[in-house]
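See below for the structure under consideration.
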Amino acid sequence: MAEPIVSEITVDALPAEAFARFVGDMGRWWPMAYSRGGARFATVHVEPVAGGTWFEVDRDGVESPWGEVRAYDPGHRLVVGFNVAPDRGVEPLERQSEVEFRFEPAGEGTRIVAEHRNLDRHGEGAEAIRQGMASDHGWPLILASFARELRFPRTPALSAS
């Protein structure tokens, strides 16, 4: 059994706010390089319920599921299936790994821990996923993208005049 990938970052927000922005604003901060659509990537959504779906949407409105929401505990944890194959294709259910995001109090902030586990389920592609997501350009970059977004207050969408 492959060891999980564990990455973490501490942010200047309490767990409830960090969780709300992490999930609710994911489309604003998720790196385009970690999408199926690449330059066509528009946003990411997490349906806020266990049994929901974690998915991206491209500029044409086409949805591409990344996995199911396995646990949704606002302010504390989010667990999602990870159905992204090394070639960015869709893994069948039995070949999906799992990512747990934990939001832990850390002084006046929050420590966010991403644990990507069950990588061996990806079969021959497991090592490629491990190398990519464990590298500085994997989960550490994704978490840093969120921390960067969190430094700025939410702004309402600009309306056309």
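Chain labels follow the order of the structure tokens: the first chain is A, the next B, and so on; residue numbering restarts at 1 in every chain, and ligands are counted from 1 in their shown order.
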
_So that I can check the surroundings of Pro86 (chain A), please list as a list in words every protein, DNA and RNA residue that reaches within 10 Å of it, counting only C-alpha atoms and ignoring chain neighbours fewer than 6 positions away._
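Returned residues: His122, Glu124, Gly125, Ala126, Glu127, Ala128, Ile129, Arg130 and Gly132 of chain A.
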
Prev. selection, N, CA and C atoms, output as an mmCIF file, in the first residue's frame:
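What ended up in out.cif:
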```cif
data_model
loop_
_atom_site.group_PDB
_atom_site.id
_atom_site.type_symbol
_atom_site.label_atom_id
_atom_site.label_comp_id
_atom_site.auth_asym_id
_atom_site.auth_seq_id
_atom_site.Cartn_x
_atom_site.Cartn_y
_atom_site.Cartn_z
ATOM 1 N N HIS A 122 -4.735 3.706 -8.571
ATOM 2 C CA HIS A 122 -4.559 4.176 -9.945
ATOM 3 C C HIS A 122 -3.774 3.172 -10.805
ATOM 4 N N GLU A 124 -1.057 1.240 -12.781
ATOM 5 C CA GLU A 124 0.230 1.604 -13.386
ATOM 6 C C GLU A 124 0.472 3.111 -13.366
ATOM 7 N N GLY A 125 -0.580 3.912 -13.296
ATOM 8 C CA GLY A 125 -0.429 5.364 -13.275
ATOM 9 C C GLY A 125 -0.170 5.946 -11.901
ATOM 10 N N ALA A 126 -0.164 5.099 -10.872
ATOM 11 C CA ALA A 126 -0.024 5.591 -9.504
ATOM 12 C C ALA A 126 1.276 6.367 -9.286
ATOM 13 N N GLU A 127 2.378 5.865 -9.800
ATOM 14 C CA GLU A 127 3.655 6.529 -9.560
ATOM 15 C C GLU A 127 3.709 7.893 -10.248
ATOM 16 N N ALA A 128 3.141 8.013 -11.421
ATOM 17 C CA ALA A 128 3.118 9.309 -12.114
ATOM 18 C C ALA A 128 2.278 10.316 -11.331
ATOM 19 N N ILE A 129 1.148 9.874 -10.808
ATOM 20 C CA ILE A 129 0.315 10.774 -9.999
ATOM 21 C C ILE A 129 1.060 11.157 -8.725
ATOM 22 N N ARG A 130 1.684 10.178 -8.079
ATOM 23 C CA ARG A 130 2.453 10.453 -6.853
ATOM 24 C C ARG A 130 3.546 11.485 -7.122
ATOM 25 N N GLY A 132 3.842 13.711 -9.489
ATOM 26 C CA GLY A 132 3.303 15.027 -9.809
ATOM 27 C C GLY A 132 2.701 15.738 -8.619
#
```

_Based on the backbone DSSP call, show me all residues of region 19-158 of chain A assigned strand (DSSP E or B), as a PyMOL selection string._
chain A and resi 41-46+53-58+63-73+77-82+84+90+97-106+109-117

*Between A:Val69, A:Val49, A:Val44, A:Ile112, single out the one closest to Ala147 (chain A), counting only C-alpha atoms.*
A:Ile112

*Which residues in region 15-153 of chain A does DSSP call alpha helix (DSSP H)? List them as number ranges by chain.*
A: 15-24, 26-29, 126-134, 139-150

Would you mind listing, for every residue of region 65-111 of chain A within 8 Å of region 3-17 of chain A, the two atoms forming the shortest contact and the distance between them in Å to one decimal, using only C-alpha atoms, sorted by chain and ascending residue number, as a Markdown table?
```
| residue | atom | partner | partner_atom | distance |
| --- | --- | --- | --- | --- |
| A:Pro74 | CA | A:Ala16 | CA | 6.7 |
| A:Gly75 | CA | A:Ala16 | CA | 4.0 |
| A:His76 | CA | A:Pro15 | CA | 6.9 |
| A:Phe103 | CA | A:Pro15 | CA | 5.6 |
| A:Glu104 | CA | A:Pro15 | CA | 6.4 |
| A:Pro105 | CA | A:Pro15 | CA | 6.2 |
| A:Ala106 | CA | A:Thr10 | CA | 7.4 |
| A:Glu108 | CA | A:Leu14 | CA | 6.5 |
| A:Gly109 | CA | A:Asp12 | CA | 4.5 |
| A:Thr110 | CA | A:Val11 | CA | 5.4 |
| A:Arg111 | CA | A:Thr10 | CA | 4.2 |
```

Residues from last step as file, N, CA and C atoms, as a PDB file, in the first residue's frame:
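The file below, part_26.pdb, is the result:
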```pdb
ATOM      1  N   PRO A  74     -18.401  21.360   7.159  1.00  0.00           N
ATOM      2  CA  PRO A  74     -17.964  22.763   7.086  1.00  0.00           C
ATOM      3  C   PRO A  74     -17.125  23.207   8.289  1.00  0.00           C
ATOM      4  N   GLY A  75     -16.012  23.845   7.961  1.00  0.00           N
ATOM      5  CA  GLY A  75     -15.099  24.329   8.983  1.00  0.00           C
ATOM      6  C   GLY A  75     -14.111  23.295   9.476  1.00  0.00           C
ATOM      7  N   HIS A  76     -14.307  22.028   9.075  1.00  0.00           N
ATOM      8  CA  HIS A  76     -13.460  20.955   9.604  1.00  0.00           C
ATOM      9  C   HIS A  76     -12.790  20.108   8.532  1.00  0.00           C
ATOM     10  N   PHE A 103      -9.113  21.199   8.173  1.00  0.00           N
ATOM     11  CA  PHE A 103      -8.975  22.597   8.562  1.00  0.00           C
ATOM     12  C   PHE A 103      -8.844  22.618  10.080  1.00  0.00           C
ATOM     13  N   GLU A 104      -7.600  22.814  10.561  1.00  0.00           N
ATOM     14  CA  GLU A 104      -7.301  22.695  11.978  1.00  0.00           C
ATOM     15  C   GLU A 104      -6.916  24.049  12.551  1.00  0.00           C
ATOM     16  N   PRO A 105      -7.477  24.408  13.724  1.00  0.00           N
ATOM     17  CA  PRO A 105      -7.092  25.680  14.345  1.00  0.00           C
ATOM     18  C   PRO A 105      -5.579  25.727  14.565  1.00  0.00           C
ATOM     19  N   ALA A 106      -5.003  26.898  14.277  1.00  0.00           N
ATOM     20  CA  ALA A 106      -3.563  27.107  14.458  1.00  0.00           C
ATOM     21  C   ALA A 106      -3.384  28.550  14.942  1.00  0.00           C
ATOM     22  N   GLU A 108      -4.335  32.009  15.646  1.00  0.00           N
ATOM     23  CA  GLU A 108      -5.428  32.824  15.102  1.00  0.00           C
ATOM     24  C   GLU A 108      -5.702  32.495  13.636  1.00  0.00           C
ATOM     25  N   GLY A 109      -5.118  31.404  13.165  1.00  0.00           N
ATOM     26  CA  GLY A 109      -5.303  31.001  11.778  1.00  0.00           C
ATOM     27  C   GLY A 109      -5.756  29.560  11.669  1.00  0.00           C
ATOM     28  N   THR A 110      -5.473  28.984  10.523  1.00  0.00           N
ATOM     29  CA  THR A 110      -5.884  27.614  10.238  1.00  0.00           C
ATOM     30  C   THR A 110      -4.769  26.886   9.516  1.00  0.00           C
ATOM     31  N   ARG A 111      -4.508  25.689   9.976  1.00  0.00           N
ATOM     32  CA  ARG A 111      -3.597  24.806   9.260  1.00  0.00           C
ATOM     33  C   ARG A 111      -4.470  23.943   8.365  1.00  0.00           C
TER      34      ARG A 111
END
```

*Surrounding residues of Val80 (chain A) excluding itself and chain neighbours under 3 positions, 7 Å, only C-alpha atoms, as JSON, numbers by chain*: {"A": [67, 68, 69, 70, 98, 99, 100]}

_List as a list in words the protein and nucleic acid residues near Arg40 (chain A), meaning an atom at most 9 Å away when only C-alpha atoms are counted, but skip any in the same chain fewer than 5 places from it._
Met32, Val57, Asp58, Arg59 and Asp60 of chain A

Using the selection just defined, write its residues with N, CA, C and O atoms as an mmCIF file, in the first residue's frame.
```cif
data_model
loop_
_atom_site.group_PDB
_atom_site.id
_atom_site.type_symbol
_atom_site.label_atom_id
_atom_site.label_comp_id
_atom_site.auth_asym_id
_atom_site.auth_seq_id
_atom_site.Cartn_x
_atom_site.Cartn_y
_atom_site.Cartn_z
ATOM 1 N N MET A 32 -5.166 26.613 -13.193
ATOM 2 C CA MET A 32 -5.624 26.122 -14.491
ATOM 3 C C MET A 32 -4.839 24.884 -14.929
ATOM 4 O O MET A 32 -5.391 23.990 -15.576
ATOM 5 N N VAL A 57 -15.799 23.120 -14.782
ATOM 6 C CA VAL A 57 -16.658 23.560 -15.873
ATOM 7 C C VAL A 57 -15.769 24.322 -16.856
ATOM 8 O O VAL A 57 -14.949 25.148 -16.444
ATOM 9 N N ASP A 58 -15.919 24.035 -18.159
ATOM 10 C CA ASP A 58 -15.127 24.770 -19.141
ATOM 11 C C ASP A 58 -15.900 25.988 -19.645
ATOM 12 O O ASP A 58 -17.045 26.228 -19.242
ATOM 13 N N ARG A 59 -15.286 26.763 -20.518
ATOM 14 C CA ARG A 59 -15.903 28.003 -21.006
ATOM 15 C C ARG A 59 -17.197 27.781 -21.785
ATOM 16 O O ARG A 59 -17.981 28.702 -21.948
ATOM 17 N N ASP A 60 -17.420 26.559 -22.251
ATOM 18 C CA ASP A 60 -18.665 26.250 -22.960
ATOM 19 C C ASP A 60 -19.735 25.707 -22.016
ATOM 20 O O ASP A 60 -20.815 25.319 -22.454
#
```

*Can you pull out every residue within 8 Å of Met26 (chain A), counting only C-alpha atoms, but drop anything in the same chain fewer than 3 positions away, and send it as number ranges by chain?*
A: 21-23, 29-30, 43-45, 146

*Fewer than 4 positions away in the same chain doesn't count, so skip those; otherwise give me all residues within 8 Å of Trp139 (chain A), counting only C-alpha atoms, as a ChimeraX atom specification.*
/A:7,114,133-135,143

*Compile the contact shell of Arg36 (chain A) as an MDAnalysis selection string: residues with an atom at most 12 Å away, counting only C-alpha atoms, same-chain residues fewer than 4 positions apart removed.*
chainID A and resid 31:32 40:44 55:58 62:66 83:90

How would the residues just picked look written out with N, CA and C atoms as a PDB file, in the first residue's frame?
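File written: again26.pdb
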```pdb
ATOM      1  N   PRO A  31      -5.552  26.338  -9.700  1.00  0.00           N
ATOM      2  CA  PRO A  31      -4.639  26.533 -10.832  1.00  0.00           C
ATOM      3  C   PRO A  31      -5.135  25.862 -12.121  1.00  0.00           C
ATOM      4  N   MET A  32      -5.166  26.613 -13.193  1.00  0.00           N
ATOM      5  CA  MET A  32      -5.624  26.122 -14.491  1.00  0.00           C
ATOM      6  C   MET A  32      -4.839  24.884 -14.929  1.00  0.00           C
ATOM      7  N   ARG A  40      -9.220  26.150 -21.602  1.00  0.00           N
ATOM      8  CA  ARG A  40     -10.689  26.241 -21.676  1.00  0.00           C
ATOM      9  C   ARG A  40     -11.332  26.202 -20.292  1.00  0.00           C
ATOM     10  N   PHE A  41     -10.520  25.983 -19.263  1.00  0.00           N
ATOM     11  CA  PHE A  41     -10.999  25.911 -17.879  1.00  0.00           C
ATOM     12  C   PHE A  41     -11.677  27.215 -17.478  1.00  0.00           C
ATOM     13  N   ALA A  42     -12.858  27.099 -16.842  1.00  0.00           N
ATOM     14  CA  ALA A  42     -13.574  28.283 -16.370  1.00  0.00           C
ATOM     15  C   ALA A  42     -13.684  28.316 -14.855  1.00  0.00           C
ATOM     16  N   THR A  43     -14.075  27.205 -14.231  1.00  0.00           N
ATOM     17  CA  THR A  43     -14.278  27.216 -12.784  1.00  0.00           C
ATOM     18  C   THR A  43     -14.330  25.801 -12.232  1.00  0.00           C
ATOM     19  N   VAL A  44     -14.391  25.714 -10.904  1.00  0.00           N
ATOM     20  CA  VAL A  44     -14.515  24.451 -10.174  1.00  0.00           C
ATOM     21  C   VAL A  44     -15.663  24.612  -9.182  1.00  0.00           C
ATOM     22  N   PHE A  55     -16.317  19.034  -9.403  1.00  0.00           N
ATOM     23  CA  PHE A  55     -16.181  19.038 -10.859  1.00  0.00           C
ATOM     24  C   PHE A  55     -15.707  20.396 -11.384  1.00  0.00           C
ATOM     25  N   GLU A  56     -15.144  20.351 -12.594  1.00  0.00           N
ATOM     26  CA  GLU A  56     -14.758  21.580 -13.280  1.00  0.00           C
ATOM     27  C   GLU A  56     -15.774  21.867 -14.373  1.00  0.00           C
ATOM     28  N   VAL A  57     -15.799  23.120 -14.782  1.00  0.00           N
ATOM     29  CA  VAL A  57     -16.658  23.560 -15.873  1.00  0.00           C
ATOM     30  C   VAL A  57     -15.769  24.322 -16.856  1.00  0.00           C
ATOM     31  N   ASP A  58     -15.919  24.035 -18.159  1.00  0.00           N
ATOM     32  CA  ASP A  58     -15.127  24.770 -19.141  1.00  0.00           C
ATOM     33  C   ASP A  58     -15.900  25.988 -19.645  1.00  0.00           C
ATOM     34  N   VAL A  62     -19.382  22.931 -20.230  1.00  0.00           N
ATOM     35  CA  VAL A  62     -19.275  21.479 -20.138  1.00  0.00           C
ATOM     36  C   VAL A  62     -18.649  21.112 -18.797  1.00  0.00           C
ATOM     37  N   GLU A  63     -19.324  20.243 -18.066  1.00  0.00           N
ATOM     38  CA  GLU A  63     -18.851  19.802 -16.762  1.00  0.00           C
ATOM     39  C   GLU A  63     -18.028  18.530 -16.887  1.00  0.00           C
ATOM     40  N   SER A  64     -16.962  18.450 -16.093  1.00  0.00           N
ATOM     41  CA  SER A  64     -16.117  17.266 -16.054  1.00  0.00           C
ATOM     42  C   SER A  64     -15.899  16.891 -14.590  1.00  0.00           C
ATOM     43  N   PRO A  65     -16.473  15.769 -14.143  1.00  0.00           N
ATOM     44  CA  PRO A  65     -16.343  15.401 -12.728  1.00  0.00           C
ATOM     45  C   PRO A  65     -14.920  14.979 -12.371  1.00  0.00           C
ATOM     46  N   TRP A  66     -14.495  15.426 -11.194  1.00  0.00           N
ATOM     47  CA  TRP A  66     -13.193  15.037 -10.659  1.00  0.00           C
ATOM     48  C   TRP A  66     -13.349  13.943  -9.606  1.00  0.00           C
ATOM     49  N   ASN A  83     -10.670  11.204  -9.349  1.00  0.00           N
ATOM     50  CA  ASN A  83     -10.788  10.315 -10.507  1.00  0.00           C
ATOM     51  C   ASN A  83      -9.943  10.757 -11.686  1.00  0.00           C
ATOM     52  N   VAL A  84      -8.949  11.584 -11.426  1.00  0.00           N
ATOM     53  CA  VAL A  84      -8.115  12.118 -12.498  1.00  0.00           C
ATOM     54  C   VAL A  84      -6.958  11.151 -12.764  1.00  0.00           C
ATOM     55  N   ALA A  85      -6.924  10.619 -13.983  1.00  0.00           N
ATOM     56  CA  ALA A  85      -5.859   9.711 -14.396  1.00  0.00           C
ATOM     57  C   ALA A  85      -4.613  10.518 -14.776  1.00  0.00           C
ATOM     58  N   PRO A  86      -3.457   9.862 -14.880  1.00  0.00           N
ATOM     59  CA  PRO A  86      -2.243  10.584 -15.260  1.00  0.00           C
ATOM     60  C   PRO A  86      -2.363  11.351 -16.581  1.00  0.00           C
ATOM     61  N   ASP A  87      -3.203  10.859 -17.505  1.00  0.00           N
ATOM     62  CA  ASP A  87      -3.376  11.554 -18.785  1.00  0.00           C
ATOM     63  C   ASP A  87      -4.527  12.566 -18.728  1.00  0.00           C
ATOM     64  N   ARG A  88      -5.015  12.854 -17.525  1.00  0.00           N
ATOM     65  CA  ARG A  88      -6.139  13.762 -17.238  1.00  0.00           C
ATOM     66  C   ARG A  88      -7.487  13.173 -17.623  1.00  0.00           C
ATOM     67  N   GLY A  89      -7.486  11.913 -18.023  1.00  0.00           N
ATOM     68  CA  GLY A  89      -8.751  11.234 -18.299  1.00  0.00           C
ATOM     69  C   GLY A  89      -9.465  10.895 -16.999  1.00  0.00           C
ATOM     70  N   VAL A  90     -10.593  10.207 -17.125  1.00  0.00           N
ATOM     71  CA  VAL A  90     -11.412   9.847 -15.974  1.00  0.00           C
ATOM     72  C   VAL A  90     -11.116   8.415 -15.550  1.00  0.00           C
TER      73      VAL A  90
END
```

*Using CA of Leu141 (chain A) and CA of Asn118 (chain A) as the two end points, give the distance in Å to one decimal.*
20.8 Å

*asked:* Restricting the calculation to only C-alpha atoms: of A:Tyr34, A:Leu119, A:Asp73, A:Gly61, which residue gets closest to Gly138 (chain A)?
replied: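 Ranked by minimum distance to Gly138 (chain A), first place goes to A:Tyr34.
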
*What does the distance from CA of Leu78 (chain A) to CA of Arg102 (chain A) come to in Å, to one decimal?*
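Distance between the two atoms: 6.7 Å.
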